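Coordinates from work.txt are shown below (compact mmCIF, C-alpha atoms).
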# COMPACT_ATOMS: atom_id res chain seq x y z
CA MET J 1 24.19 -175.36 2.08
CA PRO J 2 20.47 -175.51 2.50
CA LEU J 3 18.24 -172.83 1.00
CA VAL J 4 15.11 -172.36 3.09
CA ARG J 5 11.83 -170.82 1.95
CA ILE J 6 9.45 -169.91 4.76
CA SER J 7 5.91 -168.79 3.95
CA LEU J 8 3.46 -167.27 6.43
CA ILE J 9 0.15 -165.49 6.45
CA LYS J 10 0.50 -161.72 6.95
CA GLY J 11 -0.41 -160.13 10.21
CA GLY J 12 1.82 -161.80 12.75
CA PRO J 13 3.76 -159.80 15.34
CA ALA J 14 6.60 -157.59 14.04
CA GLY J 15 9.68 -159.66 13.41
CA PHE J 16 7.80 -162.94 13.52
CA GLY J 17 9.07 -164.16 10.14
CA GLY J 18 12.66 -163.58 11.13
CA SER J 19 12.09 -165.36 14.42
CA VAL J 20 10.67 -168.36 12.62
CA GLY J 21 13.75 -168.33 10.41
CA LYS J 22 16.06 -168.39 13.42
CA VAL J 23 14.29 -171.32 15.00
CA VAL J 24 14.21 -173.32 11.77
CA HIS J 25 17.91 -172.66 11.33
CA GLN J 26 18.79 -173.77 14.85
CA ALA J 27 16.84 -177.00 14.30
CA MET J 28 18.89 -177.66 11.17
CA VAL J 29 22.15 -177.02 12.97
CA ASP J 30 21.08 -179.37 15.76
CA THR J 31 19.90 -182.25 13.60
CA ILE J 32 21.38 -182.28 10.11
CA GLY J 33 24.89 -181.19 10.89
CA ILE J 34 25.19 -177.86 9.12
CA PRO J 35 27.39 -175.06 10.47
CA ALA J 36 25.74 -172.23 12.40
CA SER J 37 26.95 -169.85 9.72
CA ASP J 38 25.20 -171.74 6.93
CA ARG J 39 21.99 -169.71 6.96
CA PHE J 40 20.27 -168.69 3.74
CA GLN J 41 16.53 -168.08 3.87
CA ILE J 42 13.76 -166.40 1.94
CA ILE J 43 10.80 -165.45 4.12
CA THR J 44 7.54 -164.37 2.52
CA GLU J 45 4.19 -163.24 3.91
CA HIS J 46 0.96 -163.71 2.04
CA GLU J 47 -2.70 -162.78 2.16
CA ALA J 48 -4.70 -165.55 3.80
CA SER J 49 -6.39 -166.24 0.47
CA HIS J 50 -3.01 -166.89 -1.13
CA LEU J 51 -1.48 -169.27 1.39
CA VAL J 52 -3.82 -172.19 1.02
CA TYR J 53 -3.89 -175.11 3.42
CA ASP J 54 -6.41 -177.77 4.24
CA PRO J 55 -7.68 -177.40 7.83
CA HIS J 56 -8.15 -181.15 8.38
CA TYR J 57 -5.90 -183.17 6.01
CA LEU J 58 -4.65 -186.33 7.76
CA ASP J 59 -6.90 -185.42 10.69
CA ILE J 60 -4.54 -182.67 11.74
CA PRO J 61 -6.40 -179.45 12.61
CA ARG J 62 -4.63 -176.44 11.10
CA THR J 63 -5.19 -172.71 11.54
CA ASP J 64 -4.11 -169.46 9.93
CA GLY J 65 -1.01 -169.68 12.09
CA ILE J 66 0.24 -172.08 9.42
CA VAL J 67 3.97 -172.07 8.63
CA PHE J 68 5.21 -173.59 5.37
CA VAL J 69 8.90 -174.50 5.30
CA GLN J 70 10.52 -175.76 2.11
CA ILE J 71 14.18 -176.68 2.34
CA THR J 72 16.49 -177.45 -0.59
CA LEU J 73 19.42 -179.48 0.75
CA ASN J 74 22.03 -182.03 -0.20
CA GLU J 75 20.84 -185.56 -0.83
CA GLY J 76 22.01 -188.49 1.23
CA ARG J 77 20.37 -187.83 4.57
CA THR J 78 18.45 -190.79 5.95
CA ALA J 79 14.75 -190.81 6.71
CA ASP J 80 15.64 -190.90 10.40
CA VAL J 81 17.69 -187.73 10.13
CA LYS J 82 14.85 -186.06 8.27
CA LYS J 83 12.41 -187.12 10.98
CA ALA J 84 14.69 -185.64 13.62
CA LEU J 85 14.74 -182.41 11.64
CA TYR J 86 10.94 -182.22 11.45
CA LYS J 87 10.64 -182.86 15.16
CA ALA J 88 13.23 -180.22 16.04
CA ILE J 89 11.65 -177.58 13.80
CA VAL J 90 8.18 -178.15 15.19
CA GLU J 91 9.25 -178.38 18.82
CA GLY J 92 11.40 -175.28 18.45
CA LEU J 93 8.63 -173.23 16.85
CA ASN J 94 6.22 -174.38 19.50
CA LYS J 95 8.46 -173.70 22.49
CA GLU J 96 10.08 -170.50 21.29
CA LEU J 97 7.22 -168.84 19.43
CA GLY J 98 4.06 -170.62 20.45
CA VAL J 99 3.36 -171.97 16.97
CA ARG J 100 0.88 -174.84 17.18
CA THR J 101 2.57 -178.14 16.37
CA GLU J 102 -0.23 -178.91 13.91
CA ASP J 103 0.49 -175.73 11.98
CA VAL J 104 3.89 -176.60 10.54
CA VAL J 105 4.14 -178.09 7.05
CA ILE J 106 7.62 -179.06 5.88
CA SER J 107 8.83 -180.08 2.42
CA LEU J 108 12.38 -181.14 1.56
CA VAL J 109 13.98 -181.11 -1.89
CA ASP J 110 17.18 -183.15 -2.18
CA VAL J 111 19.87 -182.09 -4.64
CA LYS J 112 23.41 -183.08 -5.59
CA ARG J 113 26.50 -181.62 -3.94
CA GLU J 114 27.57 -179.89 -7.12
CA ASN J 115 24.27 -178.02 -7.30
CA TRP J 116 25.43 -175.11 -5.15
CA SER J 117 27.54 -172.01 -5.51
CA PHE J 118 27.88 -169.87 -2.38
CA GLY J 119 29.86 -167.02 -3.90
CA ASN J 120 32.54 -166.20 -6.43
CA GLY J 121 31.01 -168.54 -8.99
CA LEU J 122 32.62 -171.63 -7.47
CA ALA J 123 30.95 -174.95 -6.65
CA GLN J 124 32.18 -175.17 -3.08
CA PHE J 125 30.66 -178.58 -2.39
CA ALA J 126 31.44 -180.41 -5.62
CA LEU J 127 33.59 -183.49 -5.02
CA MET D 1 13.23 -175.42 -20.04
CA PRO D 2 14.66 -174.01 -16.90
CA LEU D 3 12.51 -172.09 -14.45
CA VAL D 4 14.55 -169.46 -12.64
CA ARG D 5 13.70 -167.81 -9.33
CA ILE D 6 15.73 -164.69 -8.54
CA SER D 7 15.46 -163.09 -5.10
CA LEU D 8 16.86 -159.68 -4.16
CA ILE D 9 16.66 -157.19 -1.35
CA LYS D 10 14.38 -154.24 -2.16
CA GLY D 11 15.84 -150.86 -2.94
CA GLY D 12 18.05 -151.43 -5.95
CA PRO D 13 17.91 -149.16 -8.99
CA ALA D 14 14.74 -149.26 -11.10
CA GLY D 15 14.80 -152.25 -13.42
CA PHE D 16 17.61 -153.95 -11.53
CA GLY D 17 15.72 -157.22 -11.05
CA GLY D 18 14.96 -157.50 -14.72
CA SER D 19 18.58 -156.73 -15.58
CA VAL D 20 19.74 -159.49 -13.27
CA GLY D 21 17.31 -161.81 -15.02
CA LYS D 22 18.73 -160.95 -18.43
CA VAL D 23 22.31 -161.60 -17.34
CA VAL D 24 21.43 -164.90 -15.68
CA HIS D 25 19.60 -165.96 -18.82
CA GLN D 26 22.51 -165.09 -21.11
CA ALA D 27 24.85 -167.11 -18.88
CA MET D 28 22.53 -170.09 -19.23
CA VAL D 29 22.39 -169.75 -23.00
CA ASP D 30 26.17 -169.54 -23.14
CA THR D 31 26.96 -172.50 -20.88
CA ILE D 32 24.14 -175.02 -20.64
CA GLY D 33 22.91 -174.99 -24.18
CA ILE D 34 19.41 -173.63 -23.90
CA PRO D 35 17.83 -171.56 -26.69
CA ALA D 36 17.77 -167.78 -26.29
CA SER D 37 13.97 -167.96 -26.34
CA ASP D 38 13.82 -170.34 -23.39
CA ARG D 39 13.44 -167.68 -20.71
CA PHE D 40 11.05 -168.16 -17.79
CA GLN D 41 11.83 -166.32 -14.56
CA ILE D 42 10.19 -165.21 -11.35
CA ILE D 43 11.92 -162.22 -9.78
CA THR D 44 11.05 -161.20 -6.23
CA GLU D 45 12.24 -158.38 -3.97
CA HIS D 46 12.20 -158.66 -0.21
CA GLU D 47 12.74 -156.62 2.94
CA ALA D 48 16.30 -157.05 4.17
CA SER D 49 14.96 -158.85 7.23
CA HIS D 50 13.30 -161.43 4.99
CA LEU D 51 16.18 -162.32 2.67
CA VAL D 52 18.55 -163.87 5.14
CA TYR D 53 22.17 -164.66 4.34
CA ASP D 54 25.24 -165.28 6.42
CA PRO D 55 27.82 -162.52 5.90
CA HIS D 56 30.81 -164.82 6.33
CA TYR D 57 29.89 -168.47 5.56
CA LEU D 58 32.84 -170.26 3.89
CA ASP D 59 34.91 -167.11 4.51
CA ILE D 60 33.09 -165.30 1.73
CA PRO D 61 32.09 -161.76 2.75
CA ARG D 62 28.53 -161.02 1.63
CA THR D 63 26.53 -157.78 1.65
CA ASP D 64 22.93 -156.66 1.18
CA GLY D 65 23.67 -156.67 -2.53
CA ILE D 66 23.06 -160.43 -2.27
CA VAL D 67 21.43 -162.17 -5.23
CA PHE D 68 19.84 -165.60 -4.76
CA VAL D 69 19.31 -167.60 -7.95
CA GLN D 70 17.48 -170.93 -7.84
CA ILE D 71 17.18 -172.77 -11.14
CA THR D 72 15.00 -175.81 -11.82
CA LEU D 73 16.43 -177.57 -14.89
CA ASN D 74 16.70 -180.95 -16.59
CA GLU D 75 18.96 -183.51 -14.98
CA GLY D 76 21.98 -184.93 -16.74
CA ARG D 77 24.32 -181.94 -16.83
CA THR D 78 27.81 -182.69 -15.52
CA ALA D 79 29.43 -180.97 -12.57
CA ASP D 80 31.76 -179.25 -15.03
CA VAL D 81 28.86 -177.77 -16.96
CA LYS D 82 27.30 -176.58 -13.71
CA LYS D 83 30.59 -174.97 -12.70
CA ALA D 84 30.75 -173.17 -16.03
CA LEU D 85 27.22 -171.92 -15.42
CA TYR D 86 28.09 -170.55 -11.96
CA LYS D 87 31.15 -168.79 -13.32
CA ALA D 88 29.24 -167.25 -16.21
CA ILE D 89 26.40 -166.00 -14.00
CA VAL D 90 28.76 -164.42 -11.50
CA GLU D 91 31.08 -162.90 -14.07
CA GLY D 92 28.15 -161.57 -16.03
CA LEU D 93 26.48 -159.99 -13.01
CA ASN D 94 29.77 -158.47 -11.96
CA LYS D 95 30.71 -157.06 -15.36
CA GLU D 96 27.29 -155.93 -16.48
CA LEU D 97 25.76 -154.75 -13.24
CA GLY D 98 28.57 -154.37 -10.74
CA VAL D 99 27.29 -157.12 -8.46
CA ARG D 100 30.06 -158.27 -6.12
CA THR D 101 31.19 -161.79 -7.03
CA GLU D 102 30.82 -162.77 -3.38
CA ASP D 103 27.17 -161.75 -3.38
CA VAL D 104 25.77 -164.42 -5.70
CA VAL D 105 24.29 -167.60 -4.24
CA ILE D 106 23.12 -170.22 -6.73
CA SER D 107 21.05 -173.37 -6.17
CA LEU D 108 20.14 -175.89 -8.87
CA VAL D 109 17.27 -178.39 -8.73
CA ASP D 110 17.50 -181.20 -11.30
CA VAL D 111 14.32 -182.76 -12.67
CA LYS D 112 13.29 -185.27 -15.31
CA ARG D 113 12.54 -184.34 -18.91
CA GLU D 114 8.90 -185.25 -18.56
CA ASN D 115 8.49 -182.79 -15.68
CA TRP D 116 7.69 -179.80 -17.90
CA SER D 117 4.77 -178.45 -19.84
CA PHE D 118 5.40 -175.21 -21.70
CA GLY D 119 1.91 -174.65 -22.97
CA ASN D 120 -1.18 -176.40 -24.30
CA GLY D 121 -0.92 -179.07 -21.60
CA LEU D 122 1.69 -181.06 -23.51
CA ALA D 123 4.95 -182.48 -22.12
CA GLN D 124 7.19 -181.06 -24.83
CA PHE D 125 10.37 -182.66 -23.53
CA ALA D 126 9.13 -186.13 -22.62
CA LEU D 127 10.96 -188.84 -24.58
CA MET W 1 1.28 -184.25 -0.27
CA PRO W 2 2.04 -181.92 -3.09
CA LEU W 3 3.08 -178.34 -2.43
CA VAL W 4 1.98 -176.06 -5.25
CA ARG W 5 3.40 -172.64 -6.13
CA ILE W 6 1.29 -170.60 -8.51
CA SER W 7 2.65 -167.36 -9.94
CA LEU W 8 0.63 -164.79 -11.86
CA ILE W 9 0.95 -161.25 -13.14
CA LYS W 10 -0.91 -158.73 -10.97
CA GLY W 11 -4.11 -157.17 -12.17
CA GLY W 12 -6.44 -160.08 -12.74
CA PRO W 13 -10.00 -160.10 -11.40
CA ALA W 14 -10.45 -160.25 -7.63
CA GLY W 15 -10.06 -163.80 -6.41
CA PHE W 16 -8.47 -164.98 -9.62
CA GLY W 17 -5.40 -166.47 -7.93
CA GLY W 18 -7.53 -168.51 -5.56
CA SER W 19 -9.68 -169.69 -8.45
CA VAL W 20 -6.60 -170.84 -10.32
CA GLY W 21 -5.54 -172.70 -7.20
CA LYS W 22 -8.88 -174.51 -6.99
CA VAL W 23 -8.74 -175.62 -10.61
CA VAL W 24 -5.14 -176.81 -10.33
CA HIS W 25 -6.06 -178.75 -7.23
CA GLN W 26 -9.07 -180.42 -8.84
CA ALA W 27 -6.87 -181.50 -11.78
CA MET W 28 -4.45 -183.10 -9.33
CA VAL W 29 -7.24 -184.92 -7.53
CA ASP W 30 -8.59 -186.18 -10.84
CA THR W 31 -5.30 -187.37 -12.34
CA ILE W 32 -2.62 -188.12 -9.76
CA GLY W 33 -4.73 -189.69 -7.07
CA ILE W 34 -4.43 -187.29 -4.17
CA PRO W 35 -7.24 -186.78 -1.67
CA ALA W 36 -9.45 -183.73 -2.08
CA SER W 37 -8.27 -182.55 1.32
CA ASP W 38 -4.61 -182.59 0.31
CA ARG W 39 -4.42 -178.96 -0.77
CA PHE W 40 -1.40 -176.81 0.08
CA GLN W 41 -0.63 -173.88 -2.20
CA ILE W 42 1.31 -170.65 -2.28
CA ILE W 43 -0.10 -168.14 -4.75
CA THR W 44 1.90 -165.05 -5.66
CA GLU W 45 1.25 -162.09 -7.93
CA HIS W 46 4.03 -160.14 -9.59
CA GLU W 47 4.66 -157.02 -11.62
CA ALA W 48 4.76 -157.89 -15.32
CA SER W 49 8.46 -157.00 -15.37
CA HIS W 50 9.11 -159.62 -12.69
CA LEU W 51 7.27 -162.60 -14.14
CA VAL W 52 9.31 -163.18 -17.25
CA TYR W 53 8.22 -165.50 -20.04
CA ASP W 54 9.17 -165.85 -23.66
CA PRO W 55 6.21 -165.01 -25.93
CA HIS W 56 7.17 -167.53 -28.64
CA TYR W 57 9.33 -170.35 -27.18
CA LEU W 58 8.51 -173.67 -28.91
CA ASP W 59 6.23 -171.70 -31.26
CA ILE W 60 3.67 -171.30 -28.54
CA PRO W 61 2.31 -167.74 -28.37
CA ARG W 62 2.08 -166.57 -24.75
CA THR W 63 0.53 -163.44 -23.24
CA ASP W 64 0.52 -161.63 -19.89
CA GLY W 65 -2.25 -164.00 -18.88
CA ILE W 66 0.61 -166.43 -18.18
CA VAL W 67 0.21 -168.84 -15.25
CA PHE W 68 3.28 -170.56 -13.80
CA VAL W 69 2.58 -173.68 -11.75
CA GLN W 70 5.40 -175.46 -9.92
CA ILE W 71 4.44 -178.60 -8.02
CA THR W 72 6.63 -180.48 -5.55
CA LEU W 73 5.27 -184.03 -5.31
CA ASN W 74 6.26 -187.59 -4.54
CA GLU W 75 8.40 -189.38 -7.08
CA GLY W 76 7.26 -192.50 -8.86
CA ARG W 77 4.54 -191.16 -11.12
CA THR W 78 4.91 -192.20 -14.75
CA ALA W 79 5.33 -189.80 -17.66
CA ASP W 80 1.81 -190.75 -18.76
CA VAL W 81 0.35 -189.71 -15.42
CA LYS W 82 2.25 -186.44 -15.59
CA LYS W 83 0.92 -185.82 -19.09
CA ALA W 84 -2.62 -186.44 -17.86
CA LEU W 85 -2.00 -183.92 -15.10
CA TYR W 86 -0.78 -181.23 -17.51
CA LYS W 87 -3.77 -181.79 -19.76
CA ALA W 88 -6.23 -181.62 -16.87
CA ILE W 89 -4.70 -178.43 -15.44
CA VAL W 90 -4.74 -176.65 -18.78
CA GLU W 91 -8.19 -177.80 -19.81
CA GLY W 92 -9.56 -176.91 -16.41
CA LEU W 93 -8.06 -173.43 -16.42
CA ASN W 94 -9.32 -172.86 -19.92
CA LYS W 95 -12.87 -174.08 -19.33
CA GLU W 96 -13.40 -172.68 -15.86
CA LEU W 97 -11.48 -169.42 -16.05
CA GLY W 98 -10.83 -168.70 -19.70
CA VAL W 99 -7.07 -168.98 -19.38
CA ARG W 100 -5.50 -169.48 -22.83
CA THR W 101 -4.14 -173.01 -23.17
CA GLU W 102 -0.86 -171.53 -24.42
CA ASP W 103 -0.46 -169.49 -21.24
CA VAL W 104 0.12 -172.29 -18.75
CA VAL W 105 3.68 -173.31 -17.85
CA ILE W 106 4.04 -176.26 -15.48
CA SER W 107 7.12 -177.56 -13.67
CA LEU W 108 7.22 -180.66 -11.46
CA VAL W 109 9.81 -181.43 -8.77
CA ASP W 110 9.84 -185.07 -7.61
CA VAL W 111 10.87 -185.88 -4.05
CA LYS W 112 11.02 -188.90 -1.77
CA ARG W 113 8.14 -189.99 0.46
CA GLU W 114 10.06 -189.17 3.62
CA ASN W 115 10.51 -185.57 2.49
CA TRP W 116 7.25 -184.35 3.96
CA SER W 117 5.87 -183.41 7.34
CA PHE W 118 2.25 -182.29 7.40
CA GLY W 119 2.03 -181.37 11.04
CA ASN W 120 3.19 -182.35 14.51
CA GLY W 121 6.73 -182.88 13.26
CA LEU W 122 5.98 -186.36 11.94
CA ALA W 123 6.92 -187.78 8.53
CA GLN W 124 3.45 -189.03 7.66
CA PHE W 125 4.49 -190.60 4.35
CA ALA W 126 7.78 -192.23 5.30
CA LEU W 127 7.68 -196.01 4.76

Would you kindly transcribe this structure into structure tokens?
Amino acid sequence: MPLVRISLIKGGPAGFGGSVGKVVHQAMVDTIGIPASDRFQIITEHEASHLVYDPHYLDIPRTDGIVFVQITLNEGRTADVKKALYKAIVEGLNKELGVRTEDVVISLVDVKRENWSFGNGLAQFAL
Amino acid sequence: MPLVRISLIKGGPAGFGGSVGKVVHQAMVDTIGIPASDRFQIITEHEASHLVYDPHYLDIPRTDGIVFVQITLNEGRTADVKKALYKAIVEGLNKELGVRTEDVVISLVDVKRENWSFGNGLAQFAL
Amino acid sequence: MPLVRISLIKGGPAGFGGSVGKVVHQAMVDTIGIPASDRFQIITEHEASHLVYDPHYLDIPRTDGIVFVQITLNEGRTADVKKALYKAIVEGLNKELGVRTEDVVISLVDVKRENWSFGNGLAQFAL
């Protein structure tokens, strides 16, 4: 049920965006209990001038290898589960794709179960 | 007051994105009680590799005709109203534009009334 | 901690999107108490047919100079603080860049403190 928006600066290797998407998805499967088949992502690439990040905020040095990940997902997950998700995304991107751990910014947006329709106009997760 | 983000795979007929936007808007007018003039939408088209969907999740067969619709709107609508909205969007897209009913994925994000400014820096919906 | 999405119609002066981003950021620093270094923004430009706005909704006359600003930020800010933010964004865009005050549409999405990771896979704002 999550919807994932991944934003990158243009100019990475061919297929890089899709690879980031795969790693983010695996981290979600591993930590927040979604099925492997529950993958819905929008990946966008931007001019460096249009993907703006601070290179030092919170004393974390960031580079143009920055990866923004914004995930809309069902509410109710604990802070600990969210922390496990962040860790898994960042470790996965680092190990699999060499993304610097400092270069991953993640934002979650919690929504209600009835806020989704995954086809046929039905609310598959409404109670 | 809703803000609607519609995401499609590139390569549809000319004007298809705008047509999808019109149908989604009419469904909102018909089911969630917004004025016809309350239309604000961002429509984006993506390479197939960058609009990622699972072709079988929840046993719903999806194709590259996939349409993602994410709507930010005021909180307080019931699950039944949301279900009516999903049904109207999907039926409208199917009847008007031939979109497969399986190919429509909808995500809602509820926000507070004071979370909007529609011009002049005022919060027109704050109580 | 906010993540800001700014959407414009293509064809403005070179660097216009980035300039809008700077002004929006300064307004946030001035009104909602974020550090100057807390700047994370995604700026996108769209064909006029794909950035859809109503030219008269709420009797506010809008033009293709429209600027959509959607900000994901921590919950807990009062309606008065949000109003101050809207006013500062619109006044700043008008004074600095000549954007019509009627042409600025702002949407806020409130989230929990634990919903952010700004690098290294840690939840820097979790309590």

Please provide as a PyMOL selection string all residues within 10 Å of Gly119 (chain D), with the sequence filter that same-chain residues fewer than 3 positions apart are discarded (counting all atoms listed in the file).
(chain D and resi 116+122-124) or (chain W and resi 57-62+66-67+86-87+90+100-106)

Could you list, as an MDAnalysis selection string, every residue within 6 Å of Ile43 (chain D), counting all atoms listed in the file and ignoring same-chain residues fewer than 5 positions away?
(chainID D and resid 5:7) or (chainID W and resid 50)

So that I can check the surroundings of Gly18 (chain D), please list as a count of residues only every protein, DNA and RNA residue that reaches within 12 Å of it, counting only C-alpha atoms and ignoring chain neighbours fewer than 5 positions away.
25

Nearest to Asp30 (chain J) among J:Lys82, J:Lys112, J:Lys95, J:His56, with distances taken over only C-alpha atoms: which residue is it?
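Smallest separation from Asp30 (chain J) among the options: J:Lys82.
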
Which is closest to chain J among D:Leu3, D:Val81, D:Leu108, D:Met28, if we use only C-alpha atoms?
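The shortest atom-to-atom distance to chain J comes from D:Leu108.
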
Can you work out the spacing between CA of Ile34 (chain J) and CA of Phe118 (chain W) in Å, to one decimal?
23.4 Å

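Our summary of the geometry notes that CA of Phe16 (chain J) is positioned 27.6 Å from CA of Ile9 (chain W).
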
Residue with smallest distance to chain J - pool D:Val20, D:Ala14, D:Met1, D:Leu85, counting only C-alpha atoms:
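Counting only C-alpha atoms, the residue closest to chain J is D:Leu85.
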
Closest to chain J among D:Ala88, D:Val99, D:Leu127, D:Ile32, using all atoms listed in the file?
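Of the candidates, the smallest distance to chain J is held by D:Ala88.
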
Shortest interatomic distance to Val29 (chain D) - which of D:Thr63, D:Asn115, D:Glu75, D:Ile89, counting only C-alpha atoms:
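That would be D:Ile89, the residue with the smallest distance to Val29 (chain D).
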
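In this structure, CA of Thr72 (chain W) sits 4.6 Å away from CA of Val109 (chain W).
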
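Shortest atom-to-atom contact with chain D among J:Thr31, J:Phe125, J:Asn120, J:Asp54: J:Asn120, counting only C-alpha atoms.
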